[in-house]
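In what follows, a structure is listed as C-alpha cells, so that the remarks can point back to it.
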Amino acid sequence: MGLTLAQKIWNAHVVRPMDVHTDLLYIDMQLLHEVNTPQAFDDLRAAGRSVRRPDLNVGTEDHNTPTVALNKVIQDPAGRRQTTLMRQNCKEFGIPLHQLGDATQGIVHVIGPELGLSRPGMTVVCCDSHTTTLGAFGALAFGIGTAQVEHVLATQTLMSKRPLDMAVNITGRLNVGVTAKDLILSLIARIGTGGGQGHVIEYRGEALRHLSMEARMTLCNMSVEAGSKAGLIAPDDVTFDYLASCPGMPRGSDWDEEVAYWRTLHSDNDAVFSKEVIVDANSVVPQVSWGTNPSQCVPLDGQIPSPLDFHDPAERAAAERALTYMDLRPGTAMRDIPVNSVFIGSCTNGRIEDLRAAAEVLRGKRVNANVHLLIVPGSARVRAQAEVEGLGEVFRAAGADFRPAAGCSLCAALNEDRLHPGQRAASTSNRNFEGRQGKGSRTHLVSPAVAAATAVTGYLTQPADL
C-alpha cells in the first residue's frame, strides 16, 4: 500500500518510535515569536539546558508590535515585557531575531516563506496554530505549545502523535472574483470546525494548479480552523518558481538536485486516506461569516440562517448564541449588514497579492465616511513592495489607514489595534470568536477584495456590486 505525502515526510523524520501511536520527530526548523516563548526559555535555564541548534530556530516580533510607527513604545506592560524578553533570550542563546524596525521583520508565517525558511519535505513548528500556513510548500508544519517549544529548543526533536490523513480533492477551477479565502471558508462551513480533527488535510486536484503560492498559503493557513493538525499541498513548478527567488536557496546543479528530490514529494496513487472530501471549485462563491466561528459562514448573496435550520442540538445552541452576540436576525440579507470597521491584513491575507487585490477595488474610490479601513502589511518587505508598486498611494487616496509597521494587529488585538464593544468589522483575518478583535467586537470573515468593497459602501459588498 502506498503512502500519503504526510506519511512520507513524517517517516523521514522519525528519530525513534515512542509507542504504537507516538514518535520522536526531528524538527528542521522552529519559528518563534514573543508571546508564547518566555516561559520556554525560563524552563530551559531552570533545567540547565542550552539550545541544541540555534541556527535552526528563528524569532520575530509580531503579535504585540505597534503598527502606527516603527519606533513606538509598546503601551501594554505585558506586551512590552514579552518583547523585551524575546530580545534578551534570542541574544543569550544565539538565535537570529527579526525585530521591529528590521527590513525582514513581520508576522512569523509571512516572513518564514519570504526568508526561504520553509521548503518542501521539511518539518516546521511554531508556538502558533497558524503554522499550518507553511504546508503550502509541501512542508509538514504545525503549531505546538510552550512546553514543546522548550523540548525543541533543547533537543531539536519533538514527541508527537501520528496524525491521520484527509484528502480534500478540489475539482474544476475557481471562477473570476472567487478566492482561496472563499474556498477555505466554504470548506469549513461544510465539514465544520472539527471536520479535520486529528488529521493532516492534503489539498489535491486541478484547482490547486491554478492557485499562486500566496493563495495556497491562505488555504493551508485556515486548515487549523477545521480542527486539523496541518494543511499540506504537494510541491510543483509553482512552488519551485517561488522558492527560486528566496534567500539561501542552492544554485546551479545543487538547485537541480533539490528540485529533483522535491518532485518525489507527493502521495502515491494507491495511498489510502482516512477521510476524503470532494469540492467543486466552480460552485464556490464569495463567502462571509455570520457567527462566532469560521464554520458559521454563508455565501455573500445569502441570508442569516435560523437556529431552526440546524438539526444538531449543539449546532442549534451555538447558532442561537452567535446570533445574540452578533446582534443579527435570521433572514437578514448579508448585503444589508452595515459595518463600521474593515481590516485587511494578518497571516491569512496580509501578503502583497492581498494588498494588490484590495488596491484594485479601491483605485479611484473613497472609503465610506462611516468606515475605518485599517490596512496592515504582513511584513516589512510587503510594506516596501506595496510602496514600490504604488499601492500605498491608492490606499491613502481612498482614505484608508495604511500602517507603516507590520504585525498581527487587529487579527489578534494584542496591541493598540482593537475594536470597541459593539463595533462590527469585515476582516480578512482567520478567526471570528467572541471578543477576538476586542471585547464585544463583532467580526465577519471575508476576502481582501470583499473587504475593500465593503469599506467603500459601508455594507458587506463584493467588488462586482460596486
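Residues are named by chain letter and number: chains run A, B, ... in the order of the C-alpha cells, numbers start at 1 in each chain, and ligands are numbered from 1 in the order shown.
For A:Ile27, the list of residues within 9 Å, based on only C-alpha atoms and with local chain neighbours fewer than 2 positions off taken out, reads His13, Leu25, Met29, Gln30, Leu56, Met122, Thr123, Val124, Val125, Val152, Gln156, Thr157 and Leu158 of chain A.
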**Message:** List as a VMD selection string the protein and nucleic acid residues near A:Gly106, meaning an atom at most 12 Å away when only C-alpha atoms are counted, but skip any in the same chain fewer than 5 places from it.
**Reply:** chain A and resid 32 to 33 59 to 67 70 97 to 101 111 to 115 345 to 347 350 to 351 376 to 384 404 to 409
**Message:** What does the structure give for the distance between atom CA of A:Ile304 and atom CA of A:Asp336, in Å to one decimal?
**Reply:**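 That distance, rounded to one decimal, is 10.4 Å.
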**Complete:** With distances taken over only C-alpha atoms, the candidate from A:Glu150, A:Asp312, A:Glu387, A:Glu393 nearest A:Gly364 is A:Glu393
**Request:** Would you please give, as a ChimeraX atom specification, all residues of stretch 218-392 of chain A that DSSP assigns to helix (DSSP H, G or I) based on the backbone?
**Result:** /A:218-226,237-244,252-262,281-283,307-309,313-326,334-336,346-349,352-362,380-388,391-392
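Distances here use only C-alpha atoms; by that measure, the residue among A:Met18, A:Ala449, A:Leu211, A:Val58 closest to A:Asn349 is A:Ala449.
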**Request:** Could you give me, as a ChimeraX atom specification, the residues within 7 Å of stretch 222-236 of chain A, counting only C-alpha atoms and dropping anything in the same chain fewer than 4 positions from it?
**Result:** /A:120,129-130,132,135-142,184,188,192-204,218,240,262-263,265-266,294,430
**Asked** Separation of atom CA of A:Ala189 and atom CA of A:Ala358, in Å?
**Response**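 A separation of 24.3 Å between them.
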**Prompt:** Counting only C-alpha atoms, what is within 8 Å of A:Pro54, bar same-chain residues fewer than 2 positions away, as a ChimeraX atom specification?
**Reply:** /A:51-52,56-58,93-96,153
Pull C-alpha atoms from the residues just selected and write them as a compact mmCIF listing (two decimals), in the first residue's frame.
# COMPACT_ATOMS: atom_id res chain seq x y z
CA VAL A 51 19.68 25.47 22.78
CA ARG A 52 20.72 22.45 20.71
CA LEU A 56 17.51 26.04 13.26
CA ASN A 57 15.45 28.40 15.43
CA VAL A 58 14.39 31.84 14.19
CA PHE A 93 21.07 31.77 23.19
CA GLY A 94 22.35 32.97 19.80
CA ILE A 95 19.03 32.72 17.96
CA PRO A 96 18.50 35.01 14.94
CA LEU A 153 14.95 24.26 21.77
**Message:** Between A:Leu445, A:Met249, A:Val20, A:Cys297, which residue has the minimum interatomic distance to A:Lys161, considering only C-alpha atoms?
**Reply:** A:Val20
**Request:** Just list the residues in stretch 243-296 of chain A DSSP gives strand (DSSP E) on the backbone, as a PyMOL selection string.
**Result:** chain A and resi 275-280+287-289
**Prompt:** When distances are computed from only C-alpha atoms, which of A:Leu85, A:Val371, A:Ala412, A:Ala6 shows the smallest separation from A:Ser267?
**Reply:**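 Selected residue with least distance to A:Ser267: A:Ala6.
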**Request:** Could you check how far atom CA of A:Asp165 sits from atom CA of A:Ser274, in Å to one decimal?
**Result:**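 Between atom CA of A:Asp165 and atom CA of A:Ser274 the gap works out to 5.5 Å.
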**Item:** Which of A:Val14, A:Ala154, A:Phe310, A:His21 sits closest to A:Asp43 [using only C-alpha atoms]
**Value:**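 Of A:Val14, A:Ala154, A:Phe310, A:His21, the one nearest A:Asp43 is A:Ala154, counting only C-alpha atoms.
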**Request:** Give the answer as one residue: which of A:Gln462, A:Pro38, A:Val456, A:Pro313 has the shortest atom-to-atom distance to A:Arg366, using only C-alpha atoms?
**Result:**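 Checking each candidate against A:Arg366, we get A:Val456 as the closest.
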**Request:** Within 9 Å of A:Val178, counting only C-alpha atoms, which residues show up once you throw out same-chain ones fewer than 3 positions away? Write them as an MDAnalysis selection string, please.
**Result:** chainID A and resid 174:175 181:183 284:287 447
**Message:** I'd like the contact shell of stretch 418-420 of chain A - 12 Å cut-off, only C-alpha atoms, skipping same-chain residues fewer than 4 positions apart - returned as a PyMOL selection string.
**Reply:** chain A and resi 64+66-67+339-343+372+374+408-414+424-427+434-443
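By chain and then residue number, the residues within 10 Å of A:Ala464 are Gly177, Val361, Ala449, Val450 and Ala453 of chain A, counting only C-alpha atoms and disregarding those fewer than 4 positions away in sequence.
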